[in-house]
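Visitor: Let me give you the structure first, and then I'll get to my questions.
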Amino acid sequence: QVQLVESGGGLVQAGGSLRLSCAASGRTFSDYAVGWFRQVSGKEREFAAVISWSGDRTGYADSVKGRFTISRDNAKNTVHLQMNSLKPEDTAVYYCAAALTLPLVGGVLGSFAATDFGSWGQGTQVTVSS
């Protein structure tokens with residue numbers, strides 16, 4: 001198992017930026033694809049972004065495409081989510097998650113369900129004020 005700890009959340013005005021980090025420990029980090037999900041109280045956990053095991057492929061939800069960038073540094077066992085042009089509707093608890101395997105179609109990283117990931121961090125709150 002891999003253990004995940006998120007950081008970097010906070011309060012930001014609309015149009016601003018935040019950079020979330022996910023630090024991993026335990027098993028070899030490059031064995032895992034890593035995703036970011038977000039959840040608003042009372043709603044289901046929503047996919048935001050994913051990065052492949054080596055970092056050569058990424059995928060994004062339409063709602064964040066062009067504004068969020070996911071990256072990873074396997075030497076430092078970290079994944080980052082750079083969030084720009086933030087909107088009030090981005091307000092949520094953000095979770096990073098890891099998966100040894102993912103259901104790929106043609107090798108493309110598309111959208112994934114929370115059930116595709118087996119390891120989760122505790123979450124970090126992001127609040128965007130209008």
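Ligands are numbered from 1 in the order shown, chains are lettered A, B, ... in the order of the structure tokens, and residues start at 1 in each chain.
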Within range 30-94 of chain A, find each residue whose DSSP state, derived from the backbone, is helix (DSSP H, G or I), and express the selection as number ranges by chain.
Guide: A: 30-31, 88-90
Visitor: Determine, counting only C-alpha atoms, which protein, DNA and RNA residues have an atom within 6 Å of an atom of range 58-64 of chain A; residues of the same chain fewer than 2 positions away are not included. Present the result as a PyMOL selection string.
Guide: chain A and resi 48-51+67-68+109-110
Visitor: Do a neighbour search on Glu44 in chain A at 12 Å with only C-alpha atoms, toss out local chain neighbours closer than 4 positions, and write the hits as a compact mmCIF listing (two decimals) with N, CA and C atoms, in the first residue's frame.
Guide:
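Output file out-v2.txt follows:
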```txt
# COMPACT_ATOMS: atom_id res chain seq x y z
N PHE A 37 -9.21 14.10 -7.14
CA PHE A 37 -10.66 14.16 -7.12
C PHE A 37 -11.07 15.30 -6.20
N ARG A 38 -12.32 15.73 -6.32
CA ARG A 38 -12.82 16.76 -5.41
C ARG A 38 -14.24 16.41 -5.01
N GLN A 39 -14.61 16.89 -3.84
CA GLN A 39 -15.91 16.55 -3.30
C GLN A 39 -16.50 17.72 -2.53
N VAL A 40 -17.72 18.04 -2.88
CA VAL A 40 -18.51 19.02 -2.14
C VAL A 40 -19.44 18.25 -1.21
N ALA A 92 -14.12 22.93 -2.90
CA ALA A 92 -14.34 21.52 -2.56
C ALA A 92 -13.20 21.04 -1.68
N VAL A 93 -13.35 19.85 -1.15
CA VAL A 93 -12.22 19.13 -0.56
C VAL A 93 -11.56 18.35 -1.69
N ALA A 113 -13.51 6.84 -12.34
CA ALA A 113 -14.37 6.84 -11.16
C ALA A 113 -13.52 6.71 -9.91
N ALA A 114 -14.07 7.15 -8.80
CA ALA A 114 -13.36 7.02 -7.53
C ALA A 114 -13.06 5.57 -7.21
N THR A 115 -13.91 4.67 -7.66
CA THR A 115 -13.72 3.25 -7.38
C THR A 115 -12.55 2.65 -8.15
```
Visitor: Counting only C-alpha atoms, figure out which residue out of A:Arg57, A:Pro103, A:Thr91, A:Leu81 gets nearest to Ser41 in chain A.
Guide: A:Thr91
Visitor: Looking at only C-alpha atoms, which of A:Thr101, A:Gln82, A:Gln1, A:Ser7 is the one that sits closest to Ala33 in chain A?
Guide: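 For Ala33 in chain A, the nearest of the candidates is A:Thr101.
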Visitor: Run DSSP on the backbone and give me the residues of range 7-130 of chain A it puts in strand (DSSP E or B), as a ChimeraX atom specification.
Guide: /A:7,10-13,18-26,33-39,46-51,58-60,68-73,78-83,92-99,105,108,119-120,124-129
Visitor: So that I can check the surroundings of Gly15 in chain A, please list as a ChimeraX atom specification every protein, DNA and RNA residue that reaches within 12 Å of it, counting only C-alpha atoms and ignoring chain neighbours fewer than 5 positions away.
Guide: /A:67,83-90,128-130
Visitor: Write to file, as an mmCIF file, in the first residue's frame, the residues of the selection just made, with N, CA, C and O atoms.
Guide:
```cif
data_model
loop_
_atom_site.group_PDB
_atom_site.id
_atom_site.type_symbol
_atom_site.label_atom_id
_atom_site.label_comp_id
_atom_site.auth_asym_id
_atom_site.auth_seq_id
_atom_site.Cartn_x
_atom_site.Cartn_y
_atom_site.Cartn_z
ATOM 1 N N ARG A 67 -7.193 24.906 -17.206
ATOM 2 C CA ARG A 67 -6.953 25.711 -15.989
ATOM 3 C C ARG A 67 -6.087 24.966 -14.987
ATOM 4 O O ARG A 67 -5.313 25.595 -14.258
ATOM 5 N N MET A 83 -3.505 24.858 -9.960
ATOM 6 C CA MET A 83 -4.861 25.307 -10.274
ATOM 7 C C MET A 83 -4.845 26.806 -10.526
ATOM 8 O O MET A 83 -4.540 27.586 -9.617
ATOM 9 N N ASN A 84 -5.134 27.197 -11.743
ATOM 10 C CA ASN A 84 -5.174 28.602 -12.129
ATOM 11 C C ASN A 84 -6.591 29.014 -12.494
ATOM 12 O O ASN A 84 -7.453 28.175 -12.725
ATOM 13 N N SER A 85 -6.800 30.326 -12.555
ATOM 14 C CA SER A 85 -8.115 30.878 -12.937
ATOM 15 C C SER A 85 -9.232 30.212 -12.140
ATOM 16 O O SER A 85 -10.255 29.784 -12.690
ATOM 17 N N LEU A 86 -9.044 30.155 -10.848
ATOM 18 C CA LEU A 86 -9.995 29.451 -10.000
ATOM 19 C C LEU A 86 -11.347 30.149 -9.974
ATOM 20 O O LEU A 86 -11.436 31.387 -10.047
ATOM 21 N N LYS A 87 -12.389 29.331 -9.856
ATOM 22 C CA LYS A 87 -13.759 29.815 -9.827
ATOM 23 C C LYS A 87 -14.421 29.374 -8.522
ATOM 24 O O LYS A 87 -14.013 28.372 -7.931
ATOM 25 N N PRO A 88 -15.453 30.073 -8.089
ATOM 26 C CA PRO A 88 -16.146 29.651 -6.864
ATOM 27 C C PRO A 88 -16.627 28.199 -6.935
ATOM 28 O O PRO A 88 -16.629 27.497 -5.915
ATOM 29 N N GLU A 89 -16.981 27.731 -8.107
ATOM 30 C CA GLU A 89 -17.455 26.350 -8.238
ATOM 31 C C GLU A 89 -16.331 25.321 -8.106
ATOM 32 O O GLU A 89 -16.596 24.121 -8.090
ATOM 33 N N ASP A 90 -15.088 25.772 -8.007
ATOM 34 C CA ASP A 90 -13.970 24.863 -7.724
ATOM 35 C C ASP A 90 -13.856 24.568 -6.232
ATOM 36 O O ASP A 90 -13.048 23.735 -5.826
ATOM 37 N N VAL A 128 -12.826 29.012 -2.851
ATOM 38 C CA VAL A 128 -12.651 30.119 -3.789
ATOM 39 C C VAL A 128 -13.786 31.107 -3.553
ATOM 40 O O VAL A 128 -14.961 30.770 -3.735
ATOM 41 N N SER A 129 -13.426 32.316 -3.160
ATOM 42 C CA SER A 129 -14.432 33.332 -2.884
ATOM 43 C C SER A 129 -14.698 34.167 -4.135
ATOM 44 O O SER A 129 -13.808 34.392 -4.957
ATOM 45 N N SER A 130 -15.921 34.633 -4.246
ATOM 46 C CA SER A 130 -16.299 35.420 -5.427
ATOM 47 C C SER A 130 -16.074 36.900 -5.205
ATOM 48 O O SER A 130 -15.777 37.344 -4.107
#
```
Visitor: Please identify all polymer residues within 9 Å of Thr28 in chain A, counting only C-alpha atoms, omitting same-chain residues fewer than 2 positions from it, and present them as a list in words.
Guide: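 After dropping sequence-adjacent residues, the list is Val2, Ser25, Gly26, Ser30, Asp31, Tyr32, Asn74 and Asn77 of chain A.
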Visitor: Could you take the residues named above and write them with C-alpha atoms, as a CSV table (one decimal), in the first residue's frame?
Guide:
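Printed below is selection16.csv as written:
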```csv
chain,number,residue,atom,x,y,z
A,2,VAL,CA,1.0,3.6,-0.6
A,25,SER,CA,5.3,7.0,1.1
A,26,GLY,CA,5.3,3.2,1.3
A,30,SER,CA,6.2,4.9,-9.9
A,31,ASP,CA,4.1,1.8,-9.5
A,32,TYR,CA,1.0,4.0,-9.2
A,74,ASN,CA,8.9,10.2,-8.9
A,77,ASN,CA,7.4,10.9,-4.5
```
Visitor: Would you mind telling me which residue in A:Ala14, A:Thr124, A:Asp73, A:Ser52 lies nearest to Leu104 in chain A when using only C-alpha atoms?
Guide: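 Of A:Ala14, A:Thr124, A:Asp73, A:Ser52, the one nearest Leu104 in chain A, counting only C-alpha atoms, is A:Ser52.
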Visitor: Between CA of Arg45 in chain A and CA of Gly123 in chain A, what is the distance, to one decimal in Å?
Guide: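 Taking CA of Arg45 in chain A as the start and CA of Gly123 in chain A as the end point, the length is 11.4 Å.
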